[in-house]
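This report concerns only the one structure given below.
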Amino acid sequence: MAQRDHYEILGVMKGATPEEIKAAFRKLASQHHPDRNPDDPAAAVRFKELNTSYQVLSDPQRRAMYDRFGHRAEESGSPFANNGPFAGGVIDFSDIAVDGILGDLLGVFGVGRGDKGDLKRELEVTFEEAAFGTTKSMRYARIVSCVDCRGSGSSPGHTPDTCSACNGRGRVRFQQGILPIAVERACQRCKGRGTVVVHPCDGCKGSGLVSNENEIEVTIPPGVEHGATRVVTGAGNRPKPDKAAGDLELEIHVAPHPFFRRAGDDVICAVPIAFTHAALGAEVVVPTLDGKGKLRVPAGTQPGTTLRIKGKGMPKRAGIGRGDQRVEVTVEVPTSLTPRQKELIEELAKEIGDDVQPQRKGFMDKLRDLFG
Ligand SMILES: [Zn+2]
Ligand SMILES: [Zn+2]
């Protein structure tokens with residue numbers, strides 16, 4: 001029977017790096033693992049095929065031989081063949097860590113084997129809290145080992161039995177047909193623990209773990225940015241009673257503000273003003289991080305002008321002081337005028353000339369040059 005090319009089986013190029021080969025194997029082995037495809041016998045065949053190809057291509061010597069001689073390098077008589085001196089070896093899948101497939105211990109809680117208990121949560125702060133810093137108290141659920149049974153899962157006075165399927169090793173090794181390797185994986189009966197709970201603890205139903213509410217105080221530094229993370233040591237899950245708790249990583253989310261948005265150290269805010277203010281100049285009320293503030297709009301301010309209020313921005317990321325507040329001026333044209341208002345503006349329109357509107361004057365001049 002013609003054998004398929006090992007590179008083709010793993011879906012990699014001939015010149016693939018060891019990392020690319022490993023990554024391709026991880027991905028495919030996870031897809032075709034028999035545990036994940038219990039009803040598909042073809043998956044087991046494919047899985048064996050993947051193993052064989054990976055065995056060859058992950059070993060520099062065997063790969064070199066394969067590149068030179070093709071499948072003949074693996075035939076009997078070759079030192080690398082099934083019965084040759086270099087055949088065999090044990091793949092320990094924990095080394096490849098195919099997530100969620102092997103040793104998926106305590107999966108109900110999302111705590112995997114070898115899990116140190118690190119947790120991730122989001123913490124929302126207001127725009128003002130992000131600007132000036134604050135201390136926030138936060139309540140969240142975390143997984144800790146059950147105190148009733150000290151994490152054993154067995155009710156008081158009982159101890160778990162040694163698992164008979166793996167003799168307490170937690171892992172089983174099996175030889176697969178013609179494969180020149182023994183595959184090792186977590187014991188399915190005891191989920192890799194090596195022991196089986198016979199009299200489950202009432203508090204944790206035998207899992208040895210409970211969900212607990214925890215409260216912590218988190219210090220938010222002034223000027224913290226959206227998406228910044230803070231790590232609270234020891235505030236994560238504690239799945240093992242004899243090991244320290246994992247860490248809690250908090251991702252800071254700064255809530256949107258009705259007026260402000262951030263640009264580096266500056267705070268930007270759009271402020272609509274009346275066209276009369278823009279023409280005549282005015283002192284207008286603007287929101288600032290420190291409350292209501294006053295801003296002098298000079299006479300003749302154009303729409304889209306940005307005015308600055310010094311030192312009303314965010315705390316500077318690189319040292320002392322604060323950024324500025326940038327006020328983007330929008331000019332509002334009045335709508336639904338009363339007859340009296342309309343009359344006044346009409347009078348103004350007759351009175352006003354292009355001389356005081358230089359942009360319009362320039363535009364009209366160009367128009368005349370072009371079309372006469
Ligand atoms: Zn318990
Ligand atoms: Zn077992």
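Residue names in the structure tokens use chain letters A, B, ... in the order shown, residue numbers from 1 in each chain, and ligand numbers from 1 in the order shown.
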Where in segment 253-343 of chain A does DSSP assign strand (DSSP E), given as an NGL selection string? :A and (253-254 or 260-263 or 266-274 or 282-288 or 291-297 or 306-309 or 325-332)
Keeping only N, CA and C atoms, write the selected residues as a CSV table (one decimal), in the first residue's frame.
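Produced file selection-v4.csv, reproduced below:
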```csv
chain,number,residue,atom,x,y,z
A,253,HIS,N,-11.1,48.5,32.5
A,253,HIS,CA,-12.0,49.1,31.5
A,253,HIS,C,-12.4,50.5,31.9
A,254,VAL,N,-12.1,51.5,31.1
A,254,VAL,CA,-12.5,52.8,31.5
A,254,VAL,C,-13.8,53.1,30.7
A,260,PHE,N,-16.1,63.5,27.7
A,260,PHE,CA,-14.7,63.5,27.4
A,260,PHE,C,-14.2,62.2,26.7
A,261,ARG,N,-13.2,62.4,25.9
A,261,ARG,CA,-12.4,61.2,25.5
A,261,ARG,C,-11.0,61.5,25.6
A,262,ARG,N,-10.2,60.5,25.7
A,262,ARG,CA,-8.8,60.7,26.0
A,262,ARG,C,-7.9,60.6,24.7
A,263,ALA,N,-6.9,61.5,24.7
A,263,ALA,CA,-5.9,61.4,23.6
A,263,ALA,C,-4.5,61.6,24.3
A,266,ASP,N,-3.9,64.3,27.0
A,266,ASP,CA,-5.0,65.3,26.8
A,266,ASP,C,-6.4,64.7,26.9
A,267,VAL,N,-7.3,65.6,27.3
A,267,VAL,CA,-8.7,65.2,27.3
A,267,VAL,C,-9.4,66.0,26.2
A,268,ILE,N,-10.2,65.4,25.4
A,268,ILE,CA,-10.8,66.1,24.3
A,268,ILE,C,-12.3,66.2,24.6
A,269,CYS,N,-12.9,67.4,24.3
A,269,CYS,CA,-14.3,67.6,24.6
A,269,CYS,C,-14.8,68.5,23.5
A,270,ALA,N,-16.0,68.2,22.9
A,270,ALA,CA,-16.6,69.1,21.9
A,270,ALA,C,-17.6,70.0,22.6
A,271,VAL,N,-17.6,71.3,22.3
A,271,VAL,CA,-18.5,72.2,22.9
A,271,VAL,C,-19.2,73.0,21.8
A,272,PRO,N,-20.5,72.9,21.7
A,272,PRO,CA,-21.3,73.7,20.7
A,272,PRO,C,-21.4,75.2,21.3
A,273,ILE,N,-21.2,76.1,20.4
A,273,ILE,CA,-21.4,77.5,20.8
A,273,ILE,C,-22.4,78.2,19.8
A,274,ALA,N,-23.0,79.3,20.2
A,274,ALA,CA,-23.9,80.0,19.3
A,274,ALA,C,-23.1,80.8,18.3
A,282,ALA,N,-17.1,85.3,23.5
A,282,ALA,CA,-17.9,85.1,24.7
A,282,ALA,C,-17.1,84.3,25.7
A,283,GLU,N,-17.7,84.3,26.9
A,283,GLU,CA,-17.1,83.3,27.9
A,283,GLU,C,-18.2,82.2,28.1
A,284,VAL,N,-17.8,81.0,27.7
A,284,VAL,CA,-18.8,79.9,27.8
A,284,VAL,C,-18.4,78.9,28.9
A,285,VAL,N,-19.4,78.2,29.4
A,285,VAL,CA,-19.2,77.2,30.4
A,285,VAL,C,-18.8,75.9,29.7
A,286,VAL,N,-17.7,75.3,30.2
A,286,VAL,CA,-17.4,74.0,29.6
A,286,VAL,C,-17.1,73.0,30.8
A,287,PRO,N,-17.4,71.7,30.6
A,287,PRO,CA,-17.1,70.7,31.6
A,287,PRO,C,-15.6,70.5,31.6
A,288,THR,N,-15.1,70.3,32.8
A,288,THR,CA,-13.7,69.9,32.9
A,288,THR,C,-13.6,68.7,33.9
A,291,GLY,N,-14.7,69.8,37.3
A,291,GLY,CA,-16.0,70.4,37.5
A,291,GLY,C,-16.2,71.4,36.3
A,292,LYS,N,-17.2,72.3,36.6
A,292,LYS,CA,-17.5,73.3,35.5
A,292,LYS,C,-16.4,74.3,35.4
A,293,GLY,N,-16.0,74.7,34.2
A,293,GLY,CA,-15.0,75.6,34.0
A,293,GLY,C,-15.5,76.7,33.0
A,294,LYS,N,-14.7,77.8,32.9
A,294,LYS,CA,-15.1,78.9,32.0
A,294,LYS,C,-14.0,78.9,30.9
A,295,LEU,N,-14.5,79.2,29.7
A,295,LEU,CA,-13.5,79.2,28.6
A,295,LEU,C,-13.8,80.5,27.8
A,296,ARG,N,-12.8,81.3,27.5
A,296,ARG,CA,-12.9,82.5,26.7
A,296,ARG,C,-12.9,82.2,25.2
A,297,VAL,N,-14.0,82.4,24.5
A,297,VAL,CA,-14.0,82.1,23.1
A,297,VAL,C,-13.7,83.5,22.4
A,306,THR,N,-9.9,74.4,17.6
A,306,THR,CA,-9.6,73.8,18.9
A,306,THR,C,-9.0,74.8,19.9
A,307,LEU,N,-9.6,74.9,21.0
A,307,LEU,CA,-9.0,75.8,22.0
A,307,LEU,C,-8.5,75.0,23.2
A,308,ARG,N,-7.5,75.4,23.8
A,308,ARG,CA,-6.8,74.6,24.9
A,308,ARG,C,-7.0,75.2,26.3
A,309,ILE,N,-7.3,74.4,27.2
A,309,ILE,CA,-7.3,74.8,28.6
A,309,ILE,C,-6.1,74.1,29.2
A,325,GLN,N,-6.7,70.2,28.3
A,325,GLN,CA,-8.1,69.9,27.8
A,325,GLN,C,-8.2,70.6,26.4
A,326,ARG,N,-8.5,69.8,25.4
A,326,ARG,CA,-8.7,70.4,24.1
A,326,ARG,C,-10.2,70.5,23.9
A,327,VAL,N,-10.6,71.8,23.6
A,327,VAL,CA,-12.0,72.0,23.4
A,327,VAL,C,-12.3,72.2,21.9
A,328,GLU,N,-13.0,71.3,21.3
A,328,GLU,CA,-13.3,71.4,19.9
A,328,GLU,C,-14.6,72.2,19.7
A,329,VAL,N,-14.5,73.4,19.1
A,329,VAL,CA,-15.6,74.3,19.0
A,329,VAL,C,-16.5,73.9,17.8
A,330,THR,N,-17.7,73.7,18.1
A,330,THR,CA,-18.7,73.5,17.0
A,330,THR,C,-19.6,74.8,17.0
A,331,VAL,N,-19.9,75.3,15.9
A,331,VAL,CA,-20.8,76.5,15.8
A,331,VAL,C,-22.2,76.1,15.4
A,332,GLU,N,-23.1,76.4,16.2
A,332,GLU,CA,-24.5,76.0,15.9
A,332,GLU,C,-25.3,77.1,15.2
```
Write down as a list in words the residues belonging to segment 99-326 of chain A that are assigned helix (DSSP H, G or I) by DSSP computed on the backbone.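 Checking each residue of segment 99-326 of chain A, the helix (DSSP H, G or I) ones are Gly107, Val108, Phe109, Phe127, Glu128, Glu129, Ala130, Ala131, Phe132, Phe275, Thr276, His277, Ala278, Ala279 and Leu280 of chain A.
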Please return as a PDB file with C-alpha atoms, in the first residue's frame the residues found within 7 Å of ligand 2, counting only C-alpha atoms and all ligand atoms.
```pdb
ATOM      1  CA  CYS A 163      -7.592   3.945  41.147  1.00  0.00           C
ATOM      2  CA  SER A 164      -7.504   0.369  39.895  1.00  0.00           C
ATOM      3  CA  ALA A 165      -7.307   1.350  36.251  1.00  0.00           C
ATOM      4  CA  CYS A 166      -3.949   3.088  36.595  1.00  0.00           C
ATOM      5  CA  ASN A 167      -2.774   1.672  39.928  1.00  0.00           C
ATOM      6  CA  GLY A 168      -2.647   5.187  41.284  1.00  0.00           C
ATOM      7  CA  ARG A 169      -0.336   6.576  38.605  1.00  0.00           C
ATOM      8  CA  GLY A 170      -3.009   8.810  37.142  1.00  0.00           C
ATOM      9  CA  ARG A 171      -1.706   7.997  33.689  1.00  0.00           C
ATOM     10  CA  CYS A 187      -6.372   7.864  33.166  1.00  0.00           C
ATOM     11  CA  GLN A 188     -10.005   8.282  32.208  1.00  0.00           C
ATOM     12  CA  ARG A 189     -11.383   6.561  35.290  1.00  0.00           C
ATOM     13  CA  CYS A 190      -9.754   8.853  37.849  1.00  0.00           C
ATOM     14  CA  LYS A 191      -9.276  11.828  35.508  1.00  0.00           C
ATOM     15  CA  GLY A 192      -5.571  11.724  36.174  1.00  0.00           C
ATOM     16  CA  ARG A 193      -5.765  11.952  39.951  1.00  0.00           C
ATOM     17  CA  GLY A 194      -4.713   8.384  40.706  1.00  0.00           C
ATOM     18  CA  THR A 195      -7.491   8.073  43.275  1.00  0.00           C
TER      19      THR A 195
END
```
How close does each residue of chain A get to ligand 1, giving the shortest atom pair and distance in Å to one decimal for every residue with an atom at most 12 Å away, counting only C-alpha atoms and all ligand atoms, sorted by chain and residue number, as JSON lines?
```
{"residue": "A:Val144", "atom": "CA", "partner": "ligand 1", "partner_atom_place_in_ligand_line": "1 (Zn)", "distance": 10.4}
{"residue": "A:Ser145", "atom": "CA", "partner": "ligand 1", "partner_atom_place_in_ligand_line": "1 (Zn)", "distance": 7.6}
{"residue": "A:Cys146", "atom": "CA", "partner": "ligand 1", "partner_atom_place_in_ligand_line": "1 (Zn)", "distance": 4.5}
{"residue": "A:Val147", "atom": "CA", "partner": "ligand 1", "partner_atom_place_in_ligand_line": "1 (Zn)", "distance": 6.3}
{"residue": "A:Asp148", "atom": "CA", "partner": "ligand 1", "partner_atom_place_in_ligand_line": "1 (Zn)", "distance": 4.9}
{"residue": "A:Cys149", "atom": "CA", "partner": "ligand 1", "partner_atom_place_in_ligand_line": "1 (Zn)", "distance": 4.1}
{"residue": "A:Arg150", "atom": "CA", "partner": "ligand 1", "partner_atom_place_in_ligand_line": "1 (Zn)", "distance": 6.5}
{"residue": "A:Gly151", "atom": "CA", "partner": "ligand 1", "partner_atom_place_in_ligand_line": "1 (Zn)", "distance": 5.8}
{"residue": "A:Ser152", "atom": "CA", "partner": "ligand 1", "partner_atom_place_in_ligand_line": "1 (Zn)", "distance": 6.6}
{"residue": "A:Gly153", "atom": "CA", "partner": "ligand 1", "partner_atom_place_in_ligand_line": "1 (Zn)", "distance": 4.6}
{"residue": "A:Ser154", "atom": "CA", "partner": "ligand 1", "partner_atom_place_in_ligand_line": "1 (Zn)", "distance": 6.4}
{"residue": "A:Ser155", "atom": "CA", "partner": "ligand 1", "partner_atom_place_in_ligand_line": "1 (Zn)", "distance": 6.8}
{"residue": "A:Pro156", "atom": "CA", "partner": "ligand 1", "partner_atom_place_in_ligand_line": "1 (Zn)", "distance": 8.8}
{"residue": "A:His158", "atom": "CA", "partner": "ligand 1", "partner_atom_place_in_ligand_line": "1 (Zn)", "distance": 11.4}
{"residue": "A:Thr159", "atom": "CA", "partner": "ligand 1", "partner_atom_place_in_ligand_line": "1 (Zn)", "distance": 11.6}
{"residue": "A:Pro160", "atom": "CA", "partner": "ligand 1", "partner_atom_place_in_ligand_line": "1 (Zn)", "distance": 11.8}
{"residue": "A:Val197", "atom": "CA", "partner": "ligand 1", "partner_atom_place_in_ligand_line": "1 (Zn)", "distance": 10.6}
{"residue": "A:His199", "atom": "CA", "partner": "ligand 1", "partner_atom_place_in_ligand_line": "1 (Zn)", "distance": 10.4}
{"residue": "A:Pro200", "atom": "CA", "partner": "ligand 1", "partner_atom_place_in_ligand_line": "1 (Zn)", "distance": 7.5}
{"residue": "A:Cys201", "atom": "CA", "partner": "ligand 1", "partner_atom_place_in_ligand_line": "1 (Zn)", "distance": 4.5}
{"residue": "A:Asp202", "atom": "CA", "partner": "ligand 1", "partner_atom_place_in_ligand_line": "1 (Zn)", "distance": 6.3}
{"residue": "A:Gly203", "atom": "CA", "partner": "ligand 1", "partner_atom_place_in_ligand_line": "1 (Zn)", "distance": 4.7}
{"residue": "A:Cys204", "atom": "CA", "partner": "ligand 1", "partner_atom_place_in_ligand_line": "1 (Zn)", "distance": 4.2}
{"residue": "A:Lys205", "atom": "CA", "partner": "ligand 1", "partner_atom_place_in_ligand_line": "1 (Zn)", "distance": 6.6}
{"residue": "A:Gly206", "atom": "CA", "partner": "ligand 1", "partner_atom_place_in_ligand_line": "1 (Zn)", "distance": 6.0}
{"residue": "A:Ser207", "atom": "CA", "partner": "ligand 1", "partner_atom_place_in_ligand_line": "1 (Zn)", "distance": 6.8}
{"residue": "A:Gly208", "atom": "CA", "partner": "ligand 1", "partner_atom_place_in_ligand_line": "1 (Zn)", "distance": 4.7}
{"residue": "A:Leu209", "atom": "CA", "partner": "ligand 1", "partner_atom_place_in_ligand_line": "1 (Zn)", "distance": 6.6}
{"residue": "A:Val210", "atom": "CA", "partner": "ligand 1", "partner_atom_place_in_ligand_line": "1 (Zn)", "distance": 7.6}
{"residue": "A:Ser211", "atom": "CA", "partner": "ligand 1", "partner_atom_place_in_ligand_line": "1 (Zn)", "distance": 11.3}
{"residue": "A:Pro239", "atom": "CA", "partner": "ligand 1", "partner_atom_place_in_ligand_line": "1 (Zn)", "distance": 11.9}
{"residue": "A:Pro241", "atom": "CA", "partner": "ligand 1", "partner_atom_place_in_ligand_line": "1 (Zn)", "distance": 11.5}
```
Residue nearest Asp247 of chain A - candidates A:Glu20, A:Glu8, A:Asp118, A:Asp369, atoms counted: only C-alpha atoms: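 Looking at the shortest contact to Asp247 of chain A, the residue is A:Asp118.
Going from atom CA of Phe47 of chain A to atom CA of Ala186 of chain A covers 16.9 Å.
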Identify, on the basis of only C-alpha atoms, every residue whose closest approach to Asp265 of chain A does not exceed 10 Å; exclude the query and any residue fewer than 3 positions from it along the same chain; express the result as a PyMOL selection string. chain A and resi 131+223+262+268+311-318+321-325
Could you please take those selected residues and save C-alpha atoms as a compact mmCIF listing (two decimals), in the first residue's frame?
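Written file, again-v4.txt:
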```txt
# COMPACT_ATOMS: atom_id res chain seq x y z
CA ALA A 131 -7.95 60.28 35.76
CA GLY A 223 -4.00 58.24 34.70
CA ARG A 262 -8.76 60.66 25.97
CA ILE A 268 -10.83 66.12 24.31
CA GLY A 311 -3.39 71.60 32.76
CA LYS A 312 -6.91 70.21 32.77
CA GLY A 313 -6.02 66.93 31.07
CA MET A 314 -4.90 63.56 32.41
CA PRO A 315 -1.93 63.18 34.77
CA LYS A 316 1.15 63.07 32.55
CA ARG A 317 2.30 59.51 31.98
CA ALA A 318 5.92 60.56 32.01
CA GLY A 321 1.78 67.73 35.87
CA ARG A 322 -1.24 67.22 33.71
CA GLY A 323 -1.98 67.36 30.00
CA ASP A 324 -4.39 69.89 28.51
CA GLN A 325 -8.06 69.87 27.78
```
One number please: atom CA of Glu346 of chain A to atom CA of Gly372 of chain A, in Å, one decimal.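 Spanning atom CA of Glu346 of chain A to atom CA of Gly372 of chain A is a straight-line distance of 27.8 Å.
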In Å, rounded to a single decimal, give me how far atom CA of His257 of chain A is from atom CA of Lys136 of chain A.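 Value for the atom CA of Lys136 of chain A-atom CA of His257 of chain A distance: 18.7 Å.
Excluding segment 354-360 of chain A itself and same-chain residues fewer than 5 positions from it, the residues having an atom within 12 Å of it are Ala279, Ala299, Gly300, Thr301, Gln302, Ala349, Asp365, Lys366 and Leu367 of chain A, counting only C-alpha atoms.
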For the residues in that selection, give me N, CA, C and O atoms as a PDB file, in the first residue's frame.
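The new file part01.pdb reads:
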```pdb
ATOM      1  N   ALA A 279     -19.040  84.931  16.616  1.00  0.00           N
ATOM      2  CA  ALA A 279     -18.772  86.207  15.954  1.00  0.00           C
ATOM      3  C   ALA A 279     -18.287  87.276  16.936  1.00  0.00           C
ATOM      4  O   ALA A 279     -17.325  87.995  16.670  1.00  0.00           O
ATOM      5  N   ALA A 299     -13.492  86.579  19.747  1.00  0.00           N
ATOM      6  CA  ALA A 299     -14.353  87.031  18.650  1.00  0.00           C
ATOM      7  C   ALA A 299     -13.807  86.483  17.340  1.00  0.00           C
ATOM      8  O   ALA A 299     -12.589  86.421  17.148  1.00  0.00           O
ATOM      9  N   GLY A 300     -14.705  86.085  16.445  1.00  0.00           N
ATOM     10  CA  GLY A 300     -14.281  85.587  15.133  1.00  0.00           C
ATOM     11  C   GLY A 300     -13.764  84.153  15.170  1.00  0.00           C
ATOM     12  O   GLY A 300     -12.983  83.749  14.325  1.00  0.00           O
ATOM     13  N   THR A 301     -14.185  83.358  16.150  1.00  0.00           N
ATOM     14  CA  THR A 301     -13.770  81.952  16.221  1.00  0.00           C
ATOM     15  C   THR A 301     -14.496  81.141  15.144  1.00  0.00           C
ATOM     16  O   THR A 301     -15.713  81.238  15.000  1.00  0.00           O
ATOM     17  N   GLN A 302     -13.726  80.386  14.373  1.00  0.00           N
ATOM     18  CA  GLN A 302     -14.307  79.597  13.275  1.00  0.00           C
ATOM     19  C   GLN A 302     -14.752  78.217  13.776  1.00  0.00           C
ATOM     20  O   GLN A 302     -14.170  77.685  14.722  1.00  0.00           O
ATOM     21  N   ALA A 349     -27.791  90.491   7.438  1.00  0.00           N
ATOM     22  CA  ALA A 349     -27.269  89.969   6.174  1.00  0.00           C
ATOM     23  C   ALA A 349     -27.040  91.101   5.173  1.00  0.00           C
ATOM     24  O   ALA A 349     -26.061  91.084   4.422  1.00  0.00           O
ATOM     25  N   ASP A 365     -13.935  85.553  -5.003  1.00  0.00           N
ATOM     26  CA  ASP A 365     -12.939  86.102  -5.940  1.00  0.00           C
ATOM     27  C   ASP A 365     -12.495  85.024  -6.926  1.00  0.00           C
ATOM     28  O   ASP A 365     -12.421  85.256  -8.138  1.00  0.00           O
ATOM     29  N   LYS A 366     -12.199  83.826  -6.394  1.00  0.00           N
ATOM     30  CA  LYS A 366     -11.732  82.712  -7.244  1.00  0.00           C
ATOM     31  C   LYS A 366     -12.811  82.327  -8.248  1.00  0.00           C
ATOM     32  O   LYS A 366     -12.539  82.011  -9.394  1.00  0.00           O
ATOM     33  N   LEU A 367     -14.052  82.329  -7.766  1.00  0.00           N
ATOM     34  CA  LEU A 367     -15.190  81.958  -8.616  1.00  0.00           C
ATOM     35  C   LEU A 367     -15.299  82.914  -9.796  1.00  0.00           C
ATOM     36  O   LEU A 367     -15.526  82.500 -10.937  1.00  0.00           O
TER      37      LEU A 367
END
```
